[in-house]
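Raw contents of data.pdb, PDB, C-alpha atoms:
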ATOM      1  CA  MET A   1     -38.725-109.838 -88.126
ATOM      2  CA  GLN A   2     -40.332-112.158 -90.583
ATOM      3  CA  ASP A   3     -38.442-113.878 -93.395
ATOM      4  CA  SER A   4     -40.194-111.692 -95.975
ATOM      5  CA  ASP A   5     -39.032-108.525 -94.141
ATOM      6  CA  ILE A   6     -35.473-109.843 -94.016
ATOM      7  CA  ARG A   7     -35.514-110.639 -97.734
ATOM      8  CA  ALA A   8     -36.969-107.229 -98.635
ATOM      9  CA  LEU A   9     -34.267-105.413 -96.641
ATOM     10  CA  ALA A  10     -31.601-107.653 -98.196
ATOM     11  CA  ASP A  11     -32.865-106.835-101.683
ATOM     12  CA  LEU A  12     -32.666-103.108-100.922
ATOM     13  CA  ALA A  13     -29.056-103.510 -99.763
ATOM     14  CA  ILE A  14     -28.205-105.349-102.980
ATOM     15  CA  SER A  15     -29.848-102.585-105.040
ATOM     16  CA  ALA A  16     -28.028 -99.873-103.054
ATOM     17  CA  ARG A  17     -24.719-101.291-104.307
ATOM     18  CA  GLU A  18     -25.458 -99.738-107.700
ATOM     19  CA  LYS A  19     -24.829 -96.282-106.190
ATOM     20  CA  SER A  20     -21.375 -97.246-104.906
ATOM     21  CA  TYR A  21     -18.490 -94.967-105.790
ATOM     22  CA  SER A  22     -15.642 -97.491-105.720
ATOM     23  CA  PRO A  23     -13.206 -96.700-108.568
ATOM     24  CA  TYR A  24     -10.137 -97.820-106.592
ATOM     25  CA  SER A  25     -11.130-101.133-105.045
ATOM     26  CA  GLY A  26     -13.963-102.079-107.382
ATOM     27  CA  PHE A  27     -15.660-103.490-104.270
ATOM     28  CA  ARG A  28     -19.283-102.349-104.175
ATOM     29  CA  VAL A  29     -21.193-102.330-100.890
ATOM     30  CA  GLY A  30     -24.808-101.477-100.187
ATOM     31  CA  ALA A  31     -26.742-101.197 -96.945
ATOM     32  CA  ALA A  32     -30.394-100.805 -95.996
ATOM     33  CA  LEU A  33     -31.229 -99.619 -92.472
ATOM     34  CA  LEU A  34     -34.688-100.189 -90.970
ATOM     35  CA  CYS A  35     -35.775 -97.606 -88.391
ATOM     36  CA  ARG A  36     -38.218 -98.364 -85.580
ATOM     37  CA  GLY A  37     -40.893 -96.219 -87.273
ATOM     38  CA  GLY A  38     -40.613 -98.234 -90.509
ATOM     39  CA  LYS A  39     -38.562 -95.805 -92.592
ATOM     40  CA  ILE A  40     -35.636 -97.342 -94.489
ATOM     41  CA  TYR A  41     -32.397 -95.544 -95.299
ATOM     42  CA  THR A  42     -29.975 -96.906 -97.860
ATOM     43  CA  GLY A  43     -26.285 -96.259 -98.305
ATOM     44  CA  ALA A  44     -23.423 -97.216-100.586
ATOM     45  CA  ASN A  45     -19.701 -97.078 -99.983
ATOM     46  CA  ILE A  46     -17.939 -93.927-101.157
ATOM     47  CA  GLU A  47     -14.204 -94.218-101.771
ATOM     48  CA  ASN A  48     -11.492 -91.598-101.923
ATOM     49  CA  ALA A  49      -8.039 -91.737-103.495
ATOM     50  CA  ALA A  50      -6.552 -91.120-100.046
ATOM     51  CA  TYR A  51      -8.442 -94.208 -98.723
ATOM     52  CA  THR A  52      -8.879 -93.043 -95.100
ATOM     53  CA  PRO A  53     -11.684 -90.605 -96.027
ATOM     54  CA  THR A  54     -13.582 -93.560 -97.539
ATOM     55  CA  VAL A  55     -16.978 -94.156 -95.910
ATOM     56  CA  CYS A  56     -18.673 -97.543 -95.681
ATOM     57  CA  ALA A  57     -22.242 -98.109 -96.880
ATOM     58  CA  GLU A  58     -23.487 -98.923 -93.392
ATOM     59  CA  ARG A  59     -22.218 -95.631 -91.978
ATOM     60  CA  VAL A  60     -23.708 -93.694 -94.895
ATOM     61  CA  ALA A  61     -27.135 -95.182 -94.085
ATOM     62  CA  PHE A  62     -26.769 -94.592 -90.341
ATOM     63  CA  PHE A  63     -25.528 -91.025 -90.724
ATOM     64  CA  LYS A  64     -28.350 -90.158 -93.130
ATOM     65  CA  ALA A  65     -30.887 -91.532 -90.644
ATOM     66  CA  VAL A  66     -29.346 -89.845 -87.609
ATOM     67  CA  ASN A  67     -29.126 -86.574 -89.529
ATOM     68  CA  ASP A  68     -32.882 -86.861 -90.145
ATOM     69  CA  GLY A  69     -33.493 -87.300 -86.410
ATOM     70  CA  GLU A  70     -33.839 -91.087 -86.270
ATOM     71  CA  ARG A  71     -32.428 -92.728 -83.124
ATOM     72  CA  GLU A  72     -34.120 -96.134 -82.951
ATOM     73  CA  PHE A  73     -33.196 -98.933 -85.329
ATOM     74  CA  ILE A  74     -34.324-102.515 -85.845
ATOM     75  CA  ALA A  75     -31.991-104.003 -88.473
ATOM     76  CA  VAL A  76     -29.489-103.335 -91.216
ATOM     77  CA  ALA A  77     -28.866-105.448 -94.304
ATOM     78  CA  VAL A  78     -25.429-105.432 -95.926
ATOM     79  CA  ALA A  79     -24.346-106.750 -99.325
ATOM     80  CA  GLY A  80     -20.915-106.456-100.863
ATOM     81  CA  GLY A  81     -18.691-107.807-103.570
ATOM     82  CA  ALA A  82     -16.634-106.998-106.624
ATOM     83  CA  GLU A  83     -19.306-107.673-109.228
ATOM     84  CA  SER A  84     -22.594-105.938-109.971
ATOM     85  CA  GLY A  85     -25.904-107.513-109.062
ATOM     86  CA  ALA A  86     -26.362-109.895-106.176
ATOM     87  CA  PRO A  87     -23.103-110.842-104.440
ATOM     88  CA  LYS A  88     -22.168-114.502-104.337
ATOM     89  CA  ASP A  89     -20.742-114.464-100.791
ATOM     90  CA  PHE A  90     -21.772-113.016 -97.450
ATOM     91  CA  PHE A  91     -20.122-109.762 -96.408
ATOM     92  CA  PRO A  92     -19.914-108.680 -92.747
ATOM     93  CA  PRO A  93     -19.733-105.053 -91.591
ATOM     94  CA  CYS A  94     -16.265-103.827 -90.667
ATOM     95  CA  GLY A  95     -15.314-103.094 -87.057
ATOM     96  CA  VAL A  96     -15.785 -99.335 -87.420
ATOM     97  CA  CYS A  97     -19.325 -99.827 -88.718
ATOM     98  CA  ARG A  98     -20.095-102.258 -85.902
ATOM     99  CA  GLN A  99     -18.917 -99.647 -83.410
ATOM    100  CA  VAL A 100     -21.177 -97.015 -85.012
ATOM    101  CA  MET A 101     -24.064 -99.474 -84.720
ATOM    102  CA  ALA A 102     -23.230 -99.957 -81.031
ATOM    103  CA  GLU A 103     -23.606 -96.213 -80.466
ATOM    104  CA  PHE A 104     -27.262 -96.331 -81.513
ATOM    105  CA  CYS A 105     -28.403 -99.946 -81.190
ATOM    106  CA  SER A 106     -28.886-102.581 -78.534
ATOM    107  CA  GLU A 107     -27.153-105.949 -78.564
ATOM    108  CA  ASP A 108     -30.240-107.567 -80.151
ATOM    109  CA  PHE A 109     -30.109-105.252 -83.210
ATOM    110  CA  LYS A 110     -30.229-107.459 -86.324
ATOM    111  CA  ILE A 111     -27.447-107.496 -88.917
ATOM    112  CA  ILE A 112     -28.495-109.209 -92.130
ATOM    113  CA  MET A 113     -25.804-110.351 -94.520
ATOM    114  CA  ALA A 114     -27.216-110.720 -98.020
ATOM    115  CA  ALA A 115     -25.884-112.836-100.862
ATOM    116  CA  GLU A 116     -27.398-114.233-104.022
ATOM    117  CA  GLY A 117     -30.810-115.584-102.954
ATOM    118  CA  LYS A 118     -29.824-116.166 -99.331
ATOM    119  CA  THR A 119     -29.367-114.311 -96.054
ATOM    120  CA  ARG A 120     -27.729-114.814 -92.681
ATOM    121  CA  VAL A 121     -28.952-112.939 -89.624
ATOM    122  CA  TYR A 122     -26.793-112.098 -86.621
ATOM    123  CA  THR A 123     -27.237-109.800 -83.655
ATOM    124  CA  LEU A 124     -24.908-106.920 -82.923
ATOM    125  CA  GLY A 125     -24.017-108.647 -79.649
ATOM    126  CA  GLU A 126     -22.833-111.702 -81.582
ATOM    127  CA  LEU A 127     -20.680-109.675 -83.985
ATOM    128  CA  LEU A 128     -19.374-107.096 -81.493
ATOM    129  CA  PRO A 129     -19.099-108.505 -77.987
ATOM    130  CA  ALA A 130     -17.619-106.131 -75.379
ATOM    131  CA  ASN A 131     -18.097-103.018 -77.502
ATOM    132  CA  PHE A 132     -16.875 -99.613 -76.383
ATOM    133  CA  GLY A 133     -19.978 -97.747 -75.275
ATOM    134  CA  LYS A 134     -21.064 -94.646 -73.426
ATOM    135  CA  GLU A 135     -20.760 -96.490 -70.111
ATOM    136  CA  PHE A 136     -16.988 -96.219 -70.532
ATOM    137  CA  MET A 137     -17.296 -92.454 -70.904
ATOM    138  CA  ASP A 138     -19.157 -92.016 -67.598
ATOM    139  CA  GLY A 139     -17.150 -94.604 -65.630
ATOM    140  CA  LYS A 140     -20.152 -96.848 -64.996
ATOM    141  CA  ASN A 141     -19.112 -99.905 -66.995
ATOM    142  CA  GLU A 142     -19.345-103.100 -64.975
ATOM    143  CA  ASN A 143     -19.715-105.527 -67.885
ATOM    144  CA  VAL A 144     -16.110-106.133 -68.860
TER     145      VAL A 144
END
Would you write out, as structure tokens, the structure that this file holds?
Amino acid sequence: MQDSDIRALADLAISAREKSYSPYSGFRVGAALLCRGGKIYTGANIENAAYTPTVCAERVAFFKAVNDGEREFIAVAVAGGAESGAPKDFFPPCGVCRQVMAEFCSEDFKIIMAAEGKTRVYTLGELLPANFGKEFMDGKNENV
């Protein structure tokens, strides 16, 4: 991915925050997911008064894409913070979202954290080493 592609995906994640439904925490999160074919899906966090039914922005984007038949992904950009507009600090995906990414993505899948005018890029392997994958379900895991 080129720097311009990373910045464009980051900007989409920042814009997606505007659709956040976060009346309880006030913490707005946006995500932009790039599929192998070039299509981009966005998501925003959606809270619930009971908290556990809350869904993170990253999972909203992934579930929309998977529902549309997408199965190959290149990168996701994530932006979060309490204020509107571009966040001031970097925001990493939670563990549940990382595990969802591991279901569909390889260890070299890019995770872009977006903040005001800057980005940081990590791989899924860096942020979720020793993930729980399908190899555990079929008894063929030899990596742990």
Measuring atom to atom with all atoms listed in the file, identify which of A:Phe73, A:Phe104, A:Tyr21, A:Phe27 is nearest to Tyr41 in chain A.
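Result for the nearest residue to Tyr41 in chain A: A:Phe73.
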Can you give me, as a VMD selection string, the residues this file yields under the PyMOL selection byres ((chain A and resi 47) around 8)?
chain A and resid 21 to 24 45 to 46 48 to 49 51 53 to 55
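CA of Ile14 in chain A to CA of Cys94 in chain A spans 17.2 Å [interatomic distance, one decimal].
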Answer as number ranges by chain, residues within 10 Å of (-27.3, -99.2, -91.7) using all atoms listed in the file
A: 13, 30-35, 40-44, 56-65, 73-78, 93, 97-98, 100-101, 111
Residues returned when the PyMOL selection byres ((chain A and resi 134) around 12) runs on this file, as an MDAnalysis selection string
chainID A and resid 99:100 102:105 131:133 135:141
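Distance check against Ser84 in chain A using all atoms listed in the file: of A:Val29, A:Leu124, A:Val96, A:Ile6, the minimum falls on A:Val29.
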Give as a CSV table (one decimal) with C-alpha atoms, in the coordinates of the input the set of residues within 12 Å of the point (-18.8, -115.0, -100.5), where distances use the file's coordinates and only C-alpha atoms.
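The resulting part.csv:
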chain,number,residue,atom,x,y,z
A,79,ALA,CA,-24.3,-106.8,-99.3
A,80,GLY,CA,-20.9,-106.5,-100.9
A,81,GLY,CA,-18.7,-107.8,-103.6
A,82,ALA,CA,-16.6,-107.0,-106.6
A,83,GLU,CA,-19.3,-107.7,-109.2
A,86,ALA,CA,-26.4,-109.9,-106.2
A,87,PRO,CA,-23.1,-110.8,-104.4
A,88,LYS,CA,-22.2,-114.5,-104.3
A,89,ASP,CA,-20.7,-114.5,-100.8
A,90,PHE,CA,-21.8,-113.0,-97.4
A,91,PHE,CA,-20.1,-109.8,-96.4
A,92,PRO,CA,-19.9,-108.7,-92.7
A,113,MET,CA,-25.8,-110.4,-94.5
A,114,ALA,CA,-27.2,-110.7,-98.0
A,115,ALA,CA,-25.9,-112.8,-100.9
A,116,GLU,CA,-27.4,-114.2,-104.0
A,118,LYS,CA,-29.8,-116.2,-99.3
A,119,THR,CA,-29.4,-114.3,-96.1
A,120,ARG,CA,-27.7,-114.8,-92.7
Using Å and a single decimal, report how far CA of Leu128 in chain A sits from CA of Gly95 in chain A.
8.0 Å
Supply range 16-42 of chain A as a tab-separated table (two decimals), in the frame of the given file, with N, CA, C and O atoms built in where the input has gaps.
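Below is the file rebuild20.tsv, written as the result:
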chain	number	residue	atom	x	y	z
A	16	ALA	N	-28.80	-101.06	-103.46
A	16	ALA	CA	-28.03	-99.87	-103.05
A	16	ALA	C	-26.59	-99.94	-103.55
A	16	ALA	O	-25.94	-98.89	-103.74
A	17	ARG	N	-26.09	-101.13	-103.81
A	17	ARG	CA	-24.72	-101.29	-104.31
A	17	ARG	C	-24.51	-100.56	-105.63
A	17	ARG	O	-23.40	-100.16	-105.96
A	18	GLU	N	-25.57	-100.39	-106.39
A	18	GLU	CA	-25.46	-99.74	-107.70
A	18	GLU	C	-25.03	-98.27	-107.58
A	18	GLU	O	-24.55	-97.69	-108.54
A	19	LYS	N	-25.21	-97.68	-106.40
A	19	LYS	CA	-24.83	-96.28	-106.19
A	19	LYS	C	-23.41	-96.15	-105.62
A	19	LYS	O	-22.96	-95.05	-105.34
A	20	SER	N	-22.74	-97.25	-105.45
A	20	SER	CA	-21.38	-97.25	-104.91
A	20	SER	C	-20.43	-96.41	-105.78
A	20	SER	O	-20.49	-96.46	-107.00
A	21	TYR	N	-19.58	-95.66	-105.10
A	21	TYR	CA	-18.49	-94.97	-105.79
A	21	TYR	C	-17.22	-95.68	-105.33
A	21	TYR	O	-16.69	-95.42	-104.25
A	22	SER	N	-16.77	-96.65	-106.12
A	22	SER	CA	-15.64	-97.49	-105.72
A	22	SER	C	-14.66	-97.69	-106.88
A	22	SER	O	-14.37	-98.82	-107.27
A	23	PRO	N	-14.10	-96.58	-107.42
A	23	PRO	CA	-13.21	-96.70	-108.57
A	23	PRO	C	-11.84	-97.30	-108.24
A	23	PRO	O	-11.14	-97.75	-109.13
A	24	TYR	N	-11.47	-97.34	-106.97
A	24	TYR	CA	-10.14	-97.82	-106.59
A	24	TYR	C	-10.13	-99.30	-106.24
A	24	TYR	O	-9.28	-100.05	-106.70
A	25	SER	N	-11.08	-99.72	-105.44
A	25	SER	CA	-11.13	-101.13	-105.04
A	25	SER	C	-12.01	-101.96	-105.97
A	25	SER	O	-11.83	-103.17	-106.07
A	26	GLY	N	-13.00	-101.33	-106.59
A	26	GLY	CA	-13.96	-102.08	-107.38
A	26	GLY	C	-14.90	-102.91	-106.52
A	26	GLY	O	-15.68	-103.70	-107.03
A	27	PHE	N	-14.84	-102.73	-105.21
A	27	PHE	CA	-15.66	-103.49	-104.27
A	27	PHE	C	-16.88	-102.65	-103.90
A	27	PHE	O	-16.76	-101.60	-103.28
A	28	ARG	N	-18.05	-103.10	-104.34
A	28	ARG	CA	-19.28	-102.35	-104.18
A	28	ARG	C	-20.06	-102.87	-102.97
A	28	ARG	O	-20.31	-104.07	-102.87
A	29	VAL	N	-20.45	-101.95	-102.09
A	29	VAL	CA	-21.19	-102.33	-100.89
A	29	VAL	C	-22.46	-101.50	-100.80
A	29	VAL	O	-22.45	-100.30	-101.08
A	30	GLY	N	-23.54	-102.15	-100.41
A	30	GLY	CA	-24.81	-101.48	-100.19
A	30	GLY	C	-25.36	-101.85	-98.83
A	30	GLY	O	-25.09	-102.94	-98.31
A	31	ALA	N	-26.12	-100.95	-98.24
A	31	ALA	CA	-26.74	-101.20	-96.94
A	31	ALA	C	-28.16	-100.64	-96.96
A	31	ALA	O	-28.45	-99.67	-97.66
A	32	ALA	N	-29.03	-101.28	-96.19
A	32	ALA	CA	-30.39	-100.80	-96.00
A	32	ALA	C	-30.71	-100.89	-94.51
A	32	ALA	O	-30.61	-101.96	-93.91
A	33	LEU	N	-31.02	-99.75	-93.91
A	33	LEU	CA	-31.23	-99.62	-92.47
A	33	LEU	C	-32.71	-99.40	-92.17
A	33	LEU	O	-33.31	-98.44	-92.66
A	34	LEU	N	-33.28	-100.27	-91.36
A	34	LEU	CA	-34.69	-100.19	-90.97
A	34	LEU	C	-34.81	-99.49	-89.63
A	34	LEU	O	-34.26	-99.94	-88.62
A	35	CYS	N	-35.54	-98.37	-89.62
A	35	CYS	CA	-35.78	-97.61	-88.39
A	35	CYS	C	-37.01	-98.14	-87.67
A	35	CYS	O	-37.88	-98.76	-88.28
A	36	ARG	N	-37.09	-97.88	-86.39
A	36	ARG	CA	-38.22	-98.36	-85.58
A	36	ARG	C	-39.56	-97.92	-86.17
A	36	ARG	O	-40.52	-98.68	-86.19
A	37	GLY	N	-39.65	-96.72	-86.71
A	37	GLY	CA	-40.89	-96.22	-87.27
A	37	GLY	C	-41.23	-96.76	-88.65
A	37	GLY	O	-42.25	-96.43	-89.22
A	38	GLY	N	-40.35	-97.60	-89.22
A	38	GLY	CA	-40.61	-98.23	-90.51
A	38	GLY	C	-39.88	-97.62	-91.69
A	38	GLY	O	-39.86	-98.20	-92.77
A	39	LYS	N	-39.30	-96.43	-91.50
A	39	LYS	CA	-38.56	-95.80	-92.59
A	39	LYS	C	-37.26	-96.57	-92.84
A	39	LYS	O	-36.64	-97.08	-91.92
A	40	ILE	N	-36.86	-96.64	-94.11
A	40	ILE	CA	-35.64	-97.34	-94.49
A	40	ILE	C	-34.69	-96.35	-95.15
A	40	ILE	O	-35.08	-95.60	-96.04
A	41	TYR	N	-33.45	-96.36	-94.71
A	41	TYR	CA	-32.40	-95.54	-95.30
A	41	TYR	C	-31.40	-96.47	-95.97
A	41	TYR	O	-31.02	-97.49	-95.39
A	42	THR	N	-30.99	-96.11	-97.17
A	42	THR	CA	-29.98	-96.91	-97.86
A	42	THR	C	-28.67	-96.13	-97.92
A	42	THR	O	-28.64	-94.91	-97.76
